[in-house]
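A.B. asks: Dropping in work25.cif, which is mmCIF, N, CA and C atoms:
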```cif
data_protein
#
loop_
_atom_site.label_atom_id
_atom_site.label_comp_id
_atom_site.auth_asym_id
_atom_site.auth_seq_id
_atom_site.Cartn_x
_atom_site.Cartn_y
_atom_site.Cartn_z
N MET A 27 29.57 -16.97 22.80
CA MET A 27 29.71 -17.80 21.62
C MET A 27 30.26 -19.17 22.04
N ALA A 28 29.62 -20.21 21.58
CA ALA A 28 30.05 -21.57 21.91
C ALA A 28 31.22 -21.98 21.03
N ILE A 29 32.15 -22.68 21.63
CA ILE A 29 33.28 -23.19 20.86
C ILE A 29 32.92 -24.59 20.39
N VAL A 30 33.01 -24.80 19.10
CA VAL A 30 32.66 -26.08 18.52
C VAL A 30 33.94 -26.86 18.26
N MET A 31 34.03 -28.02 18.86
CA MET A 31 35.19 -28.87 18.62
C MET A 31 34.93 -29.68 17.35
N GLU A 32 35.94 -29.83 16.56
CA GLU A 32 35.78 -30.61 15.35
C GLU A 32 36.97 -31.53 15.19
N GLY A 33 36.76 -32.58 14.46
CA GLY A 33 37.82 -33.54 14.24
C GLY A 33 38.84 -33.04 13.23
N ARG A 34 39.98 -33.69 13.26
CA ARG A 34 41.06 -33.33 12.34
C ARG A 34 40.65 -33.52 10.88
N TRP A 35 39.87 -34.57 10.59
CA TRP A 35 39.45 -34.81 9.20
C TRP A 35 38.59 -33.67 8.67
N ARG A 36 37.64 -33.23 9.49
CA ARG A 36 36.75 -32.15 9.04
C ARG A 36 37.55 -30.86 8.88
N GLN A 37 38.44 -30.60 9.81
CA GLN A 37 39.26 -29.38 9.73
C GLN A 37 40.15 -29.41 8.48
N THR A 38 40.76 -30.55 8.22
CA THR A 38 41.60 -30.69 7.03
C THR A 38 40.76 -30.54 5.76
N ALA A 39 39.58 -31.16 5.75
CA ALA A 39 38.69 -31.05 4.59
C ALA A 39 38.28 -29.60 4.36
N ARG A 40 38.03 -28.87 5.45
CA ARG A 40 37.64 -27.47 5.31
C ARG A 40 38.77 -26.65 4.73
N TRP A 41 39.99 -26.85 5.19
CA TRP A 41 41.12 -26.07 4.67
C TRP A 41 41.42 -26.44 3.21
N LEU A 42 41.22 -27.68 2.84
CA LEU A 42 41.37 -28.06 1.43
C LEU A 42 40.27 -27.41 0.58
N LEU A 43 39.06 -27.33 1.14
CA LEU A 43 37.97 -26.67 0.43
C LEU A 43 38.26 -25.18 0.28
N ILE A 44 38.82 -24.58 1.31
CA ILE A 44 39.23 -23.17 1.23
C ILE A 44 40.23 -22.98 0.10
N LEU A 45 41.22 -23.85 0.03
CA LEU A 45 42.22 -23.77 -1.03
C LEU A 45 41.57 -23.97 -2.41
N PHE A 46 40.69 -24.96 -2.51
CA PHE A 46 39.99 -25.27 -3.75
C PHE A 46 39.23 -24.05 -4.27
N TYR A 47 38.44 -23.43 -3.39
CA TYR A 47 37.64 -22.28 -3.82
C TYR A 47 38.47 -21.00 -3.94
N ALA A 48 39.55 -20.88 -3.21
CA ALA A 48 40.43 -19.71 -3.38
C ALA A 48 41.06 -19.76 -4.77
N LEU A 49 41.53 -20.94 -5.17
CA LEU A 49 42.10 -21.09 -6.52
C LEU A 49 41.02 -20.83 -7.58
N GLY A 50 39.82 -21.34 -7.33
CA GLY A 50 38.72 -21.10 -8.26
C GLY A 50 38.37 -19.63 -8.38
N GLY A 51 38.32 -18.94 -7.26
CA GLY A 51 37.99 -17.51 -7.26
C GLY A 51 39.02 -16.69 -8.02
N VAL A 52 40.29 -16.97 -7.74
CA VAL A 52 41.37 -16.28 -8.45
C VAL A 52 41.33 -16.64 -9.94
N GLY A 53 41.05 -17.91 -10.23
CA GLY A 53 40.95 -18.33 -11.63
C GLY A 53 39.85 -17.60 -12.38
N HIS A 54 38.72 -17.37 -11.70
CA HIS A 54 37.63 -16.62 -12.34
C HIS A 54 38.07 -15.20 -12.68
N LEU A 55 38.90 -14.61 -11.86
CA LEU A 55 39.35 -13.25 -12.12
C LEU A 55 40.45 -13.20 -13.18
N VAL A 56 41.36 -14.15 -13.15
CA VAL A 56 42.49 -14.16 -14.08
C VAL A 56 42.07 -14.66 -15.47
N PHE A 57 41.20 -15.65 -15.52
CA PHE A 57 40.81 -16.27 -16.79
C PHE A 57 39.34 -15.98 -17.12
N ALA A 58 38.89 -14.78 -16.80
CA ALA A 58 37.48 -14.42 -16.97
C ALA A 58 36.99 -14.57 -18.41
N ASP A 59 37.81 -14.16 -19.38
CA ASP A 59 37.38 -14.25 -20.78
C ASP A 59 37.15 -15.70 -21.20
N ALA A 60 38.07 -16.58 -20.84
CA ALA A 60 37.93 -18.00 -21.20
C ALA A 60 36.72 -18.61 -20.50
N MET A 61 36.53 -18.27 -19.24
CA MET A 61 35.41 -18.85 -18.49
C MET A 61 34.07 -18.31 -18.98
N ALA A 62 34.04 -17.09 -19.45
CA ALA A 62 32.79 -16.50 -19.95
C ALA A 62 32.28 -17.28 -21.16
N ARG A 63 33.17 -17.90 -21.90
CA ARG A 63 32.76 -18.66 -23.10
C ARG A 63 31.97 -19.92 -22.76
N ILE A 64 32.10 -20.44 -21.54
CA ILE A 64 31.38 -21.67 -21.19
C ILE A 64 30.09 -21.39 -20.41
N VAL A 65 29.81 -20.13 -20.13
CA VAL A 65 28.56 -19.78 -19.43
C VAL A 65 27.40 -20.07 -20.38
N PRO A 66 26.37 -20.77 -19.91
CA PRO A 66 25.22 -21.06 -20.78
C PRO A 66 24.62 -19.78 -21.35
N SER A 67 24.12 -19.87 -22.57
CA SER A 67 23.63 -18.70 -23.29
C SER A 67 22.44 -18.01 -22.62
N GLN A 68 21.73 -18.71 -21.76
CA GLN A 68 20.59 -18.12 -21.06
C GLN A 68 21.02 -17.12 -19.99
N VAL A 69 22.29 -17.15 -19.61
CA VAL A 69 22.79 -16.27 -18.55
C VAL A 69 23.24 -14.96 -19.20
N PRO A 70 22.64 -13.84 -18.77
CA PRO A 70 23.04 -12.54 -19.35
C PRO A 70 24.40 -12.09 -18.81
N ALA A 71 25.10 -11.29 -19.58
CA ALA A 71 26.39 -10.70 -19.20
C ALA A 71 27.36 -11.73 -18.63
N PRO A 72 27.74 -12.73 -19.44
CA PRO A 72 28.57 -13.82 -18.92
C PRO A 72 29.89 -13.36 -18.32
N HIS A 73 30.55 -12.38 -18.91
CA HIS A 73 31.84 -11.92 -18.36
C HIS A 73 31.64 -11.34 -16.97
N ALA A 74 30.62 -10.54 -16.80
CA ALA A 74 30.33 -9.96 -15.48
C ALA A 74 29.97 -11.05 -14.47
N VAL A 75 29.22 -12.05 -14.91
CA VAL A 75 28.85 -13.15 -14.02
C VAL A 75 30.10 -13.89 -13.55
N VAL A 76 31.04 -14.11 -14.44
CA VAL A 76 32.29 -14.80 -14.07
C VAL A 76 33.07 -13.97 -13.04
N ILE A 77 33.18 -12.68 -13.27
CA ILE A 77 33.89 -11.80 -12.32
C ILE A 77 33.18 -11.81 -10.97
N VAL A 78 31.87 -11.63 -10.98
CA VAL A 78 31.11 -11.59 -9.72
C VAL A 78 31.24 -12.92 -8.98
N THR A 79 31.13 -14.04 -9.70
CA THR A 79 31.25 -15.32 -9.01
C THR A 79 32.65 -15.53 -8.45
N GLY A 80 33.66 -15.03 -9.13
CA GLY A 80 35.02 -15.11 -8.59
C GLY A 80 35.17 -14.34 -7.29
N VAL A 81 34.61 -13.13 -7.27
CA VAL A 81 34.64 -12.32 -6.04
C VAL A 81 33.84 -13.01 -4.94
N LEU A 82 32.68 -13.55 -5.29
CA LEU A 82 31.87 -14.25 -4.29
C LEU A 82 32.56 -15.50 -3.75
N GLU A 83 33.30 -16.19 -4.60
CA GLU A 83 34.07 -17.34 -4.12
C GLU A 83 35.10 -16.90 -3.09
N LEU A 84 35.76 -15.80 -3.34
CA LEU A 84 36.77 -15.31 -2.39
C LEU A 84 36.12 -14.84 -1.08
N ILE A 85 34.96 -14.23 -1.17
CA ILE A 85 34.22 -13.85 0.04
C ILE A 85 33.81 -15.13 0.80
N GLY A 86 33.36 -16.13 0.06
CA GLY A 86 32.99 -17.41 0.67
C GLY A 86 34.15 -18.08 1.35
N VAL A 87 35.34 -17.95 0.77
CA VAL A 87 36.55 -18.51 1.38
C VAL A 87 36.79 -17.86 2.75
N ALA A 88 36.67 -16.54 2.80
CA ALA A 88 36.84 -15.84 4.08
C ALA A 88 35.77 -16.29 5.07
N ALA A 89 34.54 -16.45 4.61
CA ALA A 89 33.46 -16.91 5.48
C ALA A 89 33.71 -18.33 5.98
N LEU A 90 34.21 -19.19 5.09
CA LEU A 90 34.49 -20.57 5.47
C LEU A 90 35.60 -20.66 6.51
N ALA A 91 36.49 -19.69 6.50
CA ALA A 91 37.59 -19.66 7.47
C ALA A 91 37.15 -19.14 8.83
N SER A 92 35.96 -18.51 8.89
CA SER A 92 35.49 -17.96 10.15
C SER A 92 34.54 -18.94 10.83
N VAL A 93 34.51 -18.92 12.13
CA VAL A 93 33.60 -19.78 12.87
C VAL A 93 32.16 -19.32 12.67
N ARG A 94 31.96 -18.02 12.72
CA ARG A 94 30.60 -17.47 12.66
C ARG A 94 29.89 -17.75 11.34
N TRP A 95 30.59 -17.66 10.23
CA TRP A 95 29.97 -17.76 8.90
C TRP A 95 30.23 -19.08 8.20
N ARG A 96 30.92 -20.00 8.86
CA ARG A 96 31.35 -21.26 8.23
C ARG A 96 30.19 -22.06 7.65
N ARG A 97 29.16 -22.30 8.43
CA ARG A 97 28.04 -23.12 7.95
C ARG A 97 27.32 -22.44 6.78
N ALA A 98 27.11 -21.14 6.88
CA ALA A 98 26.46 -20.41 5.77
C ALA A 98 27.30 -20.54 4.50
N ALA A 99 28.62 -20.46 4.64
CA ALA A 99 29.50 -20.61 3.48
C ALA A 99 29.38 -22.02 2.90
N GLY A 100 29.26 -23.01 3.76
CA GLY A 100 29.10 -24.39 3.28
C GLY A 100 27.83 -24.55 2.46
N TYR A 101 26.72 -24.00 2.95
CA TYR A 101 25.47 -24.05 2.18
C TYR A 101 25.62 -23.28 0.86
N ALA A 102 26.26 -22.13 0.92
CA ALA A 102 26.43 -21.32 -0.29
C ALA A 102 27.30 -22.04 -1.33
N PHE A 103 28.39 -22.65 -0.87
CA PHE A 103 29.26 -23.36 -1.81
C PHE A 103 28.58 -24.60 -2.38
N ALA A 104 27.76 -25.27 -1.59
CA ALA A 104 27.02 -26.43 -2.10
C ALA A 104 26.03 -25.98 -3.18
N ALA A 105 25.33 -24.89 -2.92
CA ALA A 105 24.38 -24.35 -3.92
C ALA A 105 25.12 -23.89 -5.17
N TYR A 106 26.25 -23.26 -4.97
CA TYR A 106 27.05 -22.78 -6.09
C TYR A 106 27.52 -23.95 -6.96
N ALA A 107 28.01 -25.01 -6.32
CA ALA A 107 28.47 -26.18 -7.08
C ALA A 107 27.33 -26.78 -7.90
N LEU A 108 26.13 -26.76 -7.33
CA LEU A 108 24.97 -27.25 -8.08
C LEU A 108 24.64 -26.33 -9.25
N CYS A 109 24.72 -25.03 -9.03
CA CYS A 109 24.36 -24.06 -10.06
C CYS A 109 25.36 -24.00 -11.22
N VAL A 110 26.63 -24.30 -10.97
CA VAL A 110 27.61 -24.24 -12.06
C VAL A 110 27.68 -25.55 -12.86
N TRP A 111 26.96 -26.55 -12.41
CA TRP A 111 26.96 -27.82 -13.13
C TRP A 111 26.59 -27.64 -14.61
N PRO A 112 25.55 -26.86 -14.96
CA PRO A 112 25.24 -26.66 -16.38
C PRO A 112 26.40 -26.04 -17.17
N ALA A 113 27.13 -25.11 -16.56
CA ALA A 113 28.28 -24.52 -17.25
C ALA A 113 29.36 -25.57 -17.47
N ASN A 114 29.56 -26.44 -16.50
CA ASN A 114 30.55 -27.50 -16.65
C ASN A 114 30.13 -28.48 -17.75
N MET A 115 28.83 -28.76 -17.84
CA MET A 115 28.34 -29.64 -18.91
C MET A 115 28.52 -28.97 -20.27
N ARG A 116 28.23 -27.69 -20.33
CA ARG A 116 28.42 -26.94 -21.60
C ARG A 116 29.89 -26.93 -22.00
N HIS A 117 30.76 -26.72 -21.02
CA HIS A 117 32.19 -26.73 -21.28
C HIS A 117 32.60 -28.08 -21.88
N ALA A 118 32.13 -29.17 -21.29
CA ALA A 118 32.45 -30.50 -21.82
C ALA A 118 31.91 -30.67 -23.24
N ALA A 119 30.68 -30.26 -23.46
CA ALA A 119 30.08 -30.40 -24.79
C ALA A 119 30.85 -29.60 -25.84
N LEU A 120 31.23 -28.37 -25.50
CA LEU A 120 31.99 -27.54 -26.44
C LEU A 120 33.35 -28.16 -26.76
N ASP A 121 34.06 -28.59 -25.72
CA ASP A 121 35.38 -29.17 -25.92
C ASP A 121 35.32 -30.46 -26.72
N LEU A 122 34.37 -31.33 -26.38
CA LEU A 122 34.30 -32.62 -27.04
C LEU A 122 33.79 -32.50 -28.47
N ALA A 123 32.90 -31.54 -28.72
CA ALA A 123 32.38 -31.35 -30.08
C ALA A 123 33.44 -30.78 -31.01
N SER A 124 34.28 -29.87 -30.48
CA SER A 124 35.28 -29.24 -31.33
C SER A 124 36.52 -30.12 -31.51
N GLY A 125 36.76 -30.98 -30.54
CA GLY A 125 37.95 -31.82 -30.60
C GLY A 125 39.23 -31.06 -30.31
N THR A 126 39.13 -29.79 -29.95
CA THR A 126 40.33 -28.99 -29.70
C THR A 126 40.48 -28.59 -28.24
N GLY A 127 39.50 -28.91 -27.43
CA GLY A 127 39.54 -28.51 -26.02
C GLY A 127 40.09 -29.62 -25.14
N LEU A 128 39.72 -29.54 -23.89
CA LEU A 128 40.15 -30.54 -22.92
C LEU A 128 39.48 -31.88 -23.21
N PRO A 129 40.15 -32.99 -22.92
CA PRO A 129 39.62 -34.31 -23.29
C PRO A 129 38.56 -34.81 -22.29
N LEU A 130 37.92 -35.90 -22.67
CA LEU A 130 36.93 -36.55 -21.82
C LEU A 130 37.55 -36.95 -20.48
N ALA A 131 38.82 -37.29 -20.48
CA ALA A 131 39.51 -37.68 -19.24
C ALA A 131 39.50 -36.54 -18.21
N TYR A 132 39.37 -35.31 -18.66
CA TYR A 132 39.23 -34.16 -17.76
C TYR A 132 37.77 -33.95 -17.38
N HIS A 133 36.90 -33.95 -18.38
CA HIS A 133 35.51 -33.59 -18.16
C HIS A 133 34.71 -34.64 -17.40
N ALA A 134 34.90 -35.92 -17.70
CA ALA A 134 34.10 -36.97 -17.04
C ALA A 134 34.30 -36.95 -15.52
N PRO A 135 35.52 -36.97 -15.03
CA PRO A 135 35.67 -36.91 -13.56
C PRO A 135 35.11 -35.61 -12.97
N ARG A 136 35.30 -34.52 -13.67
CA ARG A 136 34.80 -33.22 -13.18
C ARG A 136 33.29 -33.26 -13.00
N LEU A 137 32.59 -33.78 -13.99
CA LEU A 137 31.14 -33.85 -13.91
C LEU A 137 30.67 -34.88 -12.88
N LEU A 138 31.35 -36.00 -12.82
CA LEU A 138 30.96 -37.05 -11.87
C LEU A 138 31.26 -36.66 -10.42
N LEU A 139 32.26 -35.83 -10.21
CA LEU A 139 32.64 -35.42 -8.86
C LEU A 139 31.80 -34.25 -8.32
N GLN A 140 30.96 -33.66 -9.15
CA GLN A 140 30.16 -32.52 -8.70
C GLN A 140 29.32 -32.84 -7.45
N PRO A 141 28.66 -34.00 -7.39
CA PRO A 141 27.92 -34.32 -6.14
C PRO A 141 28.85 -34.42 -4.93
N LEU A 142 30.05 -34.93 -5.13
CA LEU A 142 31.02 -35.02 -4.03
C LEU A 142 31.42 -33.62 -3.55
N ILE A 143 31.59 -32.68 -4.46
CA ILE A 143 31.93 -31.31 -4.09
C ILE A 143 30.79 -30.68 -3.28
N ILE A 144 29.57 -30.98 -3.66
CA ILE A 144 28.41 -30.48 -2.91
C ILE A 144 28.44 -31.05 -1.49
N TRP A 145 28.62 -32.36 -1.37
CA TRP A 145 28.68 -32.99 -0.04
C TRP A 145 29.87 -32.46 0.75
N TRP A 146 31.02 -32.34 0.10
CA TRP A 146 32.24 -31.84 0.74
C TRP A 146 32.00 -30.45 1.34
N SER A 147 31.34 -29.58 0.60
CA SER A 147 31.05 -28.24 1.08
C SER A 147 30.19 -28.28 2.34
N LEU A 148 29.20 -29.14 2.34
CA LEU A 148 28.31 -29.24 3.48
C LEU A 148 29.00 -29.87 4.69
N TRP A 149 29.73 -30.95 4.47
CA TRP A 149 30.36 -31.66 5.59
C TRP A 149 31.53 -30.87 6.18
N ALA A 150 32.41 -30.36 5.32
CA ALA A 150 33.60 -29.66 5.81
C ALA A 150 33.25 -28.39 6.57
N SER A 151 32.12 -27.78 6.23
CA SER A 151 31.71 -26.55 6.89
C SER A 151 30.94 -26.81 8.18
N GLY A 152 30.55 -28.06 8.41
CA GLY A 152 29.75 -28.38 9.57
C GLY A 152 28.26 -28.19 9.33
N ALA A 153 27.87 -27.89 8.10
CA ALA A 153 26.45 -27.73 7.78
C ALA A 153 25.70 -29.05 7.99
N ILE A 154 26.38 -30.16 7.71
CA ILE A 154 25.87 -31.47 8.10
C ILE A 154 26.86 -32.02 9.11
N ARG A 155 26.36 -32.64 10.13
CA ARG A 155 27.19 -33.00 11.28
C ARG A 155 27.71 -34.43 11.27
N GLY A 156 26.90 -35.37 10.84
CA GLY A 156 27.26 -36.78 10.98
C GLY A 156 28.33 -37.23 10.03
N ARG A 157 28.78 -38.42 10.26
CA ARG A 157 29.78 -39.05 9.40
C ARG A 157 29.11 -39.74 8.22
N ARG A 158 27.81 -39.97 8.34
CA ARG A 158 27.10 -40.67 7.28
C ARG A 158 26.80 -39.75 6.12
N CYS A 159 26.64 -40.32 4.97
CA CYS A 159 26.28 -39.57 3.78
C CYS A 159 24.82 -39.15 3.87
N LEU A 160 24.35 -38.38 2.93
CA LEU A 160 22.97 -37.90 2.94
C LEU A 160 21.98 -39.03 2.66
N ILE A 161 22.46 -40.15 2.15
CA ILE A 161 21.59 -41.28 1.85
C ILE A 161 21.54 -42.18 3.07
N GLY A 162 20.36 -42.53 3.49
CA GLY A 162 20.20 -43.49 4.59
C GLY A 162 20.31 -42.98 5.93
#
```
What does this structure look like when you write it as structure tokens?
C.D. replies:
Amino acid sequence: MAIVMEGRWRQTARWLLILFYALGGVGHLVFADAMARIVPSQVPAPHAVVIVTGVLELIGVAALASVRWRRAAGYAFAAYALCVWPANMRHAALDLASGTGLPLAYHAPRLLLQPLIIWWSLWASGAIRGRRCLIG
């Protein structure tokens, strides 16, 4: 097995991503009922989907911490971030329409940062190697 040297920035970004998704995974398990309410209606068994995605996030965290599975976890987390975007948009729409949920100050950055989370997952895991962004 080859040892891959990585810079401090990438290593720090990976450990922050591990923390980010570990908190998300635990959150899916602890707050499953609340999260099930924002799952788009086209998704069957929303409560089960929330539980399963929480468990998968925790498995992904373990994979991201390993050398062998790190890149696969990066691709998986990037795909996951893309796939949950509709739920995040639904959450924003529900909260803003009712006026009783979280404010636009929470939802706007969350939605705008989704592409950054996708890139972060790919870069921190080593799935993309360069310092340049995907553009150019």
A.B. asks: Choose the residue, out of A:Ile64, A:Ile144, A:Leu82, A:Leu128, that has the smallest atom-to-atom separation from Gly51 (chain A); count all atoms listed in the file.
C.D. replies: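 Checking each of A:Ile64, A:Ile144, A:Leu82, A:Leu128 against Gly51 (chain A), counting all atoms listed in the file, the winner is A:Leu82.
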A.B. asks: Could you check the closest approach to His117 (chain A) for each of A:Val65, A:Leu49, A:Ile44, A:Ala104 and tell me which residue wins, using only N, CA and C atoms?
C.D. replies: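 With only N, CA and C atoms as the atom set, the closest residue is A:Val65.
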A.B. asks: How many Å separate atom N of Ala105 (chain A) from CA of Trp145 (chain A)?
C.D. replies: 9.2 Å
A.B. asks: Expressed in Å to a single decimal, how great is the separation between atom C of Pro112 (chain A) and atom C of Trp146 (chain A)?
C.D. replies: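 About the pair atom C of Pro112 (chain A) and atom C of Trp146 (chain A): they are 19.8 Å apart.
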A.B. asks: Please provide as a VMD selection string all residues within 10 Å of His54 (chain A), with the sequence filter that same-chain residues fewer than 4 positions apart are discarded (counting only C-alpha atoms).
C.D. replies: chain A and resid 48 to 50 58 to 62 73 75 to 81 83
A.B. asks: May I ask which of the residues A:Leu108, A:Arg40, A:Ser92, A:Leu55 is the closest one to Leu142 (chain A), counting only C-alpha atoms?
C.D. replies: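 Selected residue with least distance to Leu142 (chain A): A:Leu108.
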A.B. asks: Just how far from CA of Trp149 (chain A) is CA of Cys109 (chain A), in Å to one decimal?
C.D. replies: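 Going from CA of Cys109 (chain A) over to CA of Trp149 (chain A) covers 18.4 Å.
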A.B. asks: Hey, what does DSSP flag as helix (DSSP H, G or I) within region 36-143 of chain A? Can you give it to me as a PyMOL selection string?
C.D. replies: chain A and resi 36-56+58-62+72-91+96-109+111-124+130-138+140-143
A.B. asks: With the PyMOL selection byres (((chain A and resi 91 and name CA) around 12) and name CA) as the selection, what would be picked from this file? Answer as number ranges by chain, please.
C.D. replies: A: 37-45, 47-48, 84-90, 92-100, 150-152
A.B. asks: How would region 31-40 of chain A look with all heavy atoms restored, written as a compact mmCIF listing (two decimals), keeping the file's coordinate frame?
C.D. replies:
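Result file part10.txt:
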```
# COMPACT_ATOMS: atom_id res chain seq x y z
N MET A 31 34.03 -28.02 18.86
CA MET A 31 35.19 -28.87 18.62
C MET A 31 34.93 -29.68 17.35
O MET A 31 33.81 -30.15 17.13
CB MET A 31 35.42 -29.81 19.80
CG MET A 31 35.73 -29.10 21.10
SD MET A 31 37.22 -28.10 21.02
CE MET A 31 38.46 -29.35 20.88
N GLU A 32 35.94 -29.83 16.56
CA GLU A 32 35.78 -30.61 15.35
C GLU A 32 36.97 -31.53 15.19
O GLU A 32 38.04 -31.27 15.72
CB GLU A 32 35.63 -29.70 14.13
CG GLU A 32 36.85 -28.86 13.85
CD GLU A 32 36.65 -27.92 12.66
OE1 GLU A 32 35.57 -27.91 12.07
OE2 GLU A 32 37.59 -27.22 12.34
N GLY A 33 36.76 -32.58 14.46
CA GLY A 33 37.82 -33.54 14.24
C GLY A 33 38.84 -33.04 13.23
O GLY A 33 38.59 -32.11 12.46
N ARG A 34 39.98 -33.69 13.26
CA ARG A 34 41.06 -33.33 12.34
C ARG A 34 40.65 -33.52 10.88
O ARG A 34 41.02 -32.74 10.02
CB ARG A 34 42.30 -34.15 12.67
CG ARG A 34 43.52 -33.76 11.84
CD ARG A 34 44.77 -34.50 12.24
NE ARG A 34 45.12 -34.34 13.63
CZ ARG A 34 45.85 -33.34 14.12
NH1 ARG A 34 46.29 -32.41 13.31
NH2 ARG A 34 46.16 -33.29 15.39
N TRP A 35 39.87 -34.57 10.59
CA TRP A 35 39.45 -34.81 9.20
C TRP A 35 38.59 -33.67 8.67
O TRP A 35 38.79 -33.22 7.55
CB TRP A 35 38.67 -36.14 9.09
CG TRP A 35 39.57 -37.33 9.17
CD1 TRP A 35 39.67 -38.20 10.23
CD2 TRP A 35 40.50 -37.78 8.20
NE1 TRP A 35 40.61 -39.16 9.95
CE2 TRP A 35 41.14 -38.94 8.71
CE3 TRP A 35 40.87 -37.32 6.94
CZ2 TRP A 35 42.11 -39.63 8.00
CZ3 TRP A 35 41.84 -38.03 6.23
CH2 TRP A 35 42.45 -39.15 6.76
N ARG A 36 37.64 -33.23 9.49
CA ARG A 36 36.75 -32.15 9.04
C ARG A 36 37.55 -30.86 8.88
O ARG A 36 37.35 -30.11 7.93
CB ARG A 36 35.60 -31.95 10.02
CG ARG A 36 34.53 -31.02 9.47
CD ARG A 36 33.38 -30.81 10.43
NE ARG A 36 32.75 -32.02 10.86
CZ ARG A 36 31.56 -32.45 10.46
NH1 ARG A 36 30.86 -31.76 9.61
NH2 ARG A 36 31.07 -33.57 10.92
N GLN A 37 38.44 -30.60 9.81
CA GLN A 37 39.26 -29.38 9.73
C GLN A 37 40.15 -29.41 8.48
O GLN A 37 40.25 -28.42 7.76
CB GLN A 37 40.12 -29.26 10.99
CG GLN A 37 40.89 -27.98 11.07
CD GLN A 37 41.68 -27.89 12.37
OE1 GLN A 37 42.10 -28.89 12.93
NE2 GLN A 37 41.88 -26.67 12.85
N THR A 38 40.76 -30.55 8.22
CA THR A 38 41.60 -30.69 7.03
C THR A 38 40.76 -30.54 5.76
O THR A 38 41.16 -29.84 4.82
CB THR A 38 42.32 -32.05 7.03
OG1 THR A 38 43.14 -32.13 8.19
CG2 THR A 38 43.17 -32.24 5.79
N ALA A 39 39.58 -31.16 5.75
CA ALA A 39 38.69 -31.05 4.59
C ALA A 39 38.28 -29.60 4.36
O ALA A 39 38.18 -29.15 3.22
CB ALA A 39 37.46 -31.94 4.79
N ARG A 40 38.03 -28.87 5.45
CA ARG A 40 37.64 -27.47 5.31
C ARG A 40 38.77 -26.65 4.73
O ARG A 40 38.56 -25.83 3.83
CB ARG A 40 37.19 -26.88 6.65
CG ARG A 40 36.58 -25.49 6.47
CD ARG A 40 36.07 -24.87 7.76
NE ARG A 40 37.15 -24.59 8.69
CZ ARG A 40 37.45 -25.32 9.76
NH1 ARG A 40 36.73 -26.37 10.07
NH2 ARG A 40 38.45 -25.00 10.54
```
